[in-house]
>>> print(open('structure05.csv').read())   # CSV, C-alpha atoms
chain,number,residue,atom,x,y,z
R,23,MET,CA,0.0,0.0,0.0
R,24,PRO,CA,1.5,3.4,-1.0
R,25,PRO,CA,2.1,5.9,1.9
R,26,ILE,CA,-0.6,8.4,2.6
R,27,GLU,CA,0.4,11.9,1.8
R,28,GLN,CA,-0.2,14.2,4.8
R,29,THR,CA,0.4,17.9,5.0
R,30,ALA,CA,0.1,20.7,7.4
R,31,LEU,CA,-0.1,24.4,6.5
R,32,ARG,CA,0.5,27.5,8.6
R,33,LEU,CA,-1.7,30.5,8.1
R,34,PRO,CA,0.4,33.4,7.0
R,35,LEU,CA,1.5,35.7,9.9
R,36,SER,CA,0.0,39.0,9.2
R,37,SER,CA,0.7,42.3,10.9
R,38,HIS,CA,-0.9,41.0,14.2
R,39,PRO,CA,-0.4,43.3,17.1
R,40,GLY,CA,2.2,41.6,19.4
R,41,ALA,CA,3.8,39.7,16.5
R,42,ILE,CA,7.1,38.1,17.6
R,43,PRO,CA,10.3,37.8,15.5
R,44,GLY,CA,11.0,34.3,14.2
R,45,ASN,CA,8.5,33.9,11.4
R,46,SER,CA,6.2,31.7,13.5
R,47,PRO,CA,2.4,32.0,13.8
R,48,PHE,CA,2.7,33.1,17.4
R,49,ARG,CA,2.1,36.5,18.9
R,50,HIS,CA,1.8,38.0,22.4
R,51,CYS,CA,-1.7,37.5,24.0
R,52,ASN,CA,-1.9,41.1,25.1
R,53,ALA,CA,0.4,43.2,22.9
R,54,ALA,CA,-0.2,46.3,25.1
R,55,ASN,CA,1.0,44.8,28.3
R,56,GLN,CA,3.7,42.3,27.2
R,57,THR,CA,6.4,44.5,29.0
R,58,ASP,CA,4.9,43.3,32.3
R,59,ASP,CA,5.7,39.7,31.4
R,60,ILE,CA,8.5,38.0,33.4
R,61,TYR,CA,9.9,36.4,30.3
R,62,ASP,CA,10.9,38.8,27.5
R,63,VAL,CA,10.6,36.9,24.2
R,64,LEU,CA,13.2,37.7,21.6
R,65,TRP,CA,12.0,35.2,19.0
R,66,VAL,CA,9.9,32.1,18.5
R,67,THR,CA,10.7,29.2,16.2
R,68,LEU,CA,8.3,26.4,15.2
R,69,LEU,CA,9.9,23.2,14.0
R,70,PRO,CA,9.0,21.8,11.5
R,71,ASP,CA,7.5,24.8,9.9
R,72,PRO,CA,4.9,24.1,8.8
R,73,PRO,CA,3.9,21.4,11.2
R,74,GLU,CA,3.6,17.9,9.8
R,75,MET,CA,1.3,15.1,10.7
R,76,GLU,CA,2.8,12.1,12.4
R,77,ASN,CA,5.7,14.3,13.6
R,78,ARG,CA,6.8,15.9,16.8
R,79,VAL,CA,6.3,19.6,16.7
R,80,GLN,CA,8.6,21.9,18.8
R,81,VAL,CA,8.0,25.5,19.8
R,82,MET,CA,11.2,27.2,20.9
R,83,LEU,CA,11.2,30.5,22.7
R,84,ASN,CA,14.5,32.4,23.1
R,85,GLY,CA,14.5,35.3,25.5
R,86,THR,CA,15.4,36.7,28.9
R,87,THR,CA,13.9,35.8,32.2
R,88,LYS,CA,13.7,39.1,34.1
R,89,GLN,CA,13.7,37.5,37.5
R,90,ASP,CA,14.1,34.0,39.1
R,91,ILE,CA,10.9,32.0,38.8
R,92,ALA,CA,10.0,30.1,41.9
R,93,PRO,CA,8.9,26.4,41.9
R,94,GLY,CA,5.1,25.9,41.4
R,95,ALA,CA,4.7,27.9,38.1
R,96,SER,CA,2.1,26.6,35.7
R,97,ILE,CA,1.2,26.8,32.1
R,98,ARG,CA,-2.4,26.7,30.7
R,99,VAL,CA,-2.8,25.6,27.1
R,100,ILE,CA,-6.1,26.1,25.3
R,101,ALA,CA,-6.4,24.6,21.8
R,102,ASN,CA,-9.5,25.2,19.8
R,103,ILE,CA,-10.6,24.3,16.3
R,104,SER,CA,-14.1,25.9,16.1
R,105,ALA,CA,-17.1,27.0,18.1
R,106,ASP,CA,-18.7,23.6,17.2
R,107,PHE,CA,-16.3,21.7,19.4
R,108,PRO,CA,-15.2,22.3,23.0
R,109,PRO,CA,-11.6,23.5,23.4
R,110,GLU,CA,-8.9,21.3,24.8
R,111,ASP,CA,-8.1,23.2,28.0
R,112,ASP,CA,-5.3,21.8,30.2
R,113,THR,CA,-3.0,23.2,32.9
R,114,TRP,CA,0.4,21.7,33.6
R,115,ASN,CA,3.4,22.3,35.9
R,116,PHE,CA,5.7,24.7,34.0
R,117,CYS,CA,8.7,22.5,34.5
R,118,THR,CA,6.9,19.3,33.5
R,119,LEU,CA,5.7,20.7,30.2
R,120,LEU,CA,8.7,22.8,29.1
R,121,ASP,CA,12.4,22.0,28.7
R,122,VAL,CA,14.4,24.9,30.0
R,123,GLU,CA,18.0,25.8,29.3
R,124,GLY,CA,19.3,28.8,31.1
R,125,GLU,CA,22.6,30.6,31.6
R,126,ALA,CA,25.3,28.6,33.4
R,127,GLY,CA,23.4,25.4,32.8
R,128,THR,CA,20.5,26.2,35.0
R,129,LYS,CA,17.4,24.1,34.3
R,130,CYS,CA,13.8,24.5,35.7
R,131,PRO,CA,12.6,26.6,37.2
R,132,PRO,CA,14.5,29.2,35.3
R,133,HIS,CA,16.7,31.8,36.9
R,134,LYS,CA,17.2,35.4,35.8
R,135,GLY,CA,19.0,35.7,32.5
R,136,GLU,CA,19.0,34.4,29.0
R,137,THR,CA,16.7,31.3,28.7
R,138,LEU,CA,15.6,28.9,26.0
R,139,LEU,CA,12.2,27.4,26.5
R,140,THR,CA,11.1,24.4,24.4
R,141,PHE,CA,7.7,22.7,24.2
R,142,ALA,CA,7.3,19.6,22.1
R,143,VAL,CA,4.1,17.7,21.2
R,144,PRO,CA,3.3,14.9,18.8
R,145,VAL,CA,0.8,15.6,16.0
R,146,THR,CA,-0.8,12.3,15.4
R,147,TRP,CA,-3.2,11.0,12.8
R,148,LEU,CA,-5.9,11.5,15.5
R,149,THR,CA,-5.4,15.3,15.3
R,150,PRO,CA,-8.3,16.8,13.4
R,151,ALA,CA,-7.5,18.5,10.1
R,152,ALA,CA,-8.7,22.1,10.9
R,153,ASN,CA,-7.8,25.7,11.5
R,154,TRP,CA,-6.4,25.7,15.1
R,155,THR,CA,-6.1,28.5,17.6
R,156,VAL,CA,-3.7,27.9,20.5
R,157,LYS,CA,-3.1,30.0,23.6
R,158,ALA,CA,-0.4,29.2,26.1
R,159,ASP,CA,-0.5,31.3,29.3
R,160,ALA,CA,2.4,30.7,31.8
R,161,ARG,CA,2.1,32.1,35.3
R,162,THR,CA,3.9,32.0,38.6
R,163,LYS,CA,2.4,30.3,41.6
R,164,ASP,CA,1.3,33.8,42.7
R,165,GLY,CA,-0.5,34.5,39.3
R,166,GLU,CA,2.1,36.8,37.7
R,167,THR,CA,2.3,36.4,33.9
R,168,ILE,CA,5.6,34.7,32.9
R,169,VAL,CA,4.6,34.7,29.2
R,170,CYS,CA,1.4,34.4,27.2
R,171,LEU,CA,1.4,33.5,23.5
R,172,GLU,CA,-1.3,32.7,21.0
R,173,GLY,CA,-1.2,31.6,17.4
R,174,ASP,CA,-3.4,30.5,14.5
R,175,PHE,CA,-2.4,27.8,12.1
R,176,GLU,CA,-3.9,25.1,9.9
R,177,ILE,CA,-3.2,21.4,10.1
R,178,GLY,CA,-4.4,19.6,7.0
R,179,ARG,CA,-4.3,16.1,5.5
R,180,GLY,CA,-3.9,15.0,1.9
R,181,GLY,CA,-3.8,11.7,0.1
R,182,ILE,CA,-6.1,8.7,-0.4
R,183,LEU,CA,-7.0,6.4,2.5
>>> encode(input="structure05.csv", output="structure tokens")
Amino acid sequence: MPPIEQTALRLPLSSHPGAIPGNSPFRHCNAANQTDDIYDVLWVTLLPDPPEMENRVQVMLNGTTKQDIAPGASIRVIANISADFPPEDDTWNFCTLLDVEGEAGTKCPPHKGETLLTFAVPVTWLTPAANWTVKADARTKDGETIVCLEGDFEIGRGGIL
């Protein structure tokens, strides 16, 4: 049986307020108040770009943590495909969900300084082909915003079953 062709496409990044360098579909959730975030995002990379079915997708954020982040931080991820379906809405421990590489080899929770945050998730054949909106809101245990990003992209399938 020949392999099934599967593709995923990203919607073009327009001039969204809060757009972030890195040519990814992500932007700041609240462009007006992003300076209050504990994590200052310099760029975001999505690998592979565009995402591919049956592949692991990585979102990498490079930036600066303005202060040490105490244990107990969390990240809420809301993924939605349309108003016809309930959104996926989950909250995880910040250090469980993200891989953190900080200055001087520090790991999680991150300390003040340059920090690379990486989130990876598999995109399986069970993932619906649709236009997706994803919001990731990371907060300290006291509710301060670490970083909040949102993005819109399309995951599609092609081929003959």
>>> residues_around(input="structure05.csv", residues="range 169-177 of chain R", least_positions_apart="3", cutoff="6 Å", atoms="only C-alpha atoms", output="list of chain:residue names")
R:Ala30, R:Leu31, R:Arg32, R:Leu33, R:Pro47, R:Phe48, R:Arg49, R:His50, R:Cys51, R:Asp59, R:Tyr61, R:Ala151, R:Ala152, R:Asn153, R:Trp154, R:Thr155, R:Val156, R:Lys157, R:Ala158, R:Asp159, R:Ala160
>>> atom_distance(input="structure05.csv", atom1="CA of Thr67 in chain R", atom2="CA of Ile42 in chain R")
9.7 Å
>>> closest_residue(input="structure05.csv", among="R:Asp164, R:Asp121, R:Asp111, R:Glu76", to="Arg98 in chain R", atoms="only C-alpha atoms")
R:Asp111
>>> residues_around(input="structure05.csv", residues="range 86-88 of chain R", least_positions_apart="2", cutoff="8 Å", atoms="all atoms listed in the file", output="VMD selection string")
chain R and resid 60 to 64 84 90 132 to 137
>>> atom_distance(input="structure05.csv", atom1="CA of Val81 in chain R", atom2="CA of Val143 in chain R")
8.8 Å
>>> atom_distance(input="structure05.csv", atom1="CA of Ala92 in chain R", atom2="CA of Thr167 in chain R")
12.8 Å
>>> closest_residue(input="structure05.csv", among="R:Asn52, R:Gly44, R:Arg161, R:Pro72", to="Trp114 in chain R", atoms="only C-alpha atoms")
R:Arg161
>>> closest_residue(input="structure05.csv", among="R:Ile168, R:Ser104, R:Ala142, R:Trp147", to="Arg78 in chain R", atoms="all atoms listed in the file")
R:Ala142
>>> residues_around(input="structure05.csv", residues="Gly94 in chain R", least_positions_apart="3", cutoff="8 Å", atoms="all atoms listed in the file", output="number ranges by chain")
R: 115-116, 162-163
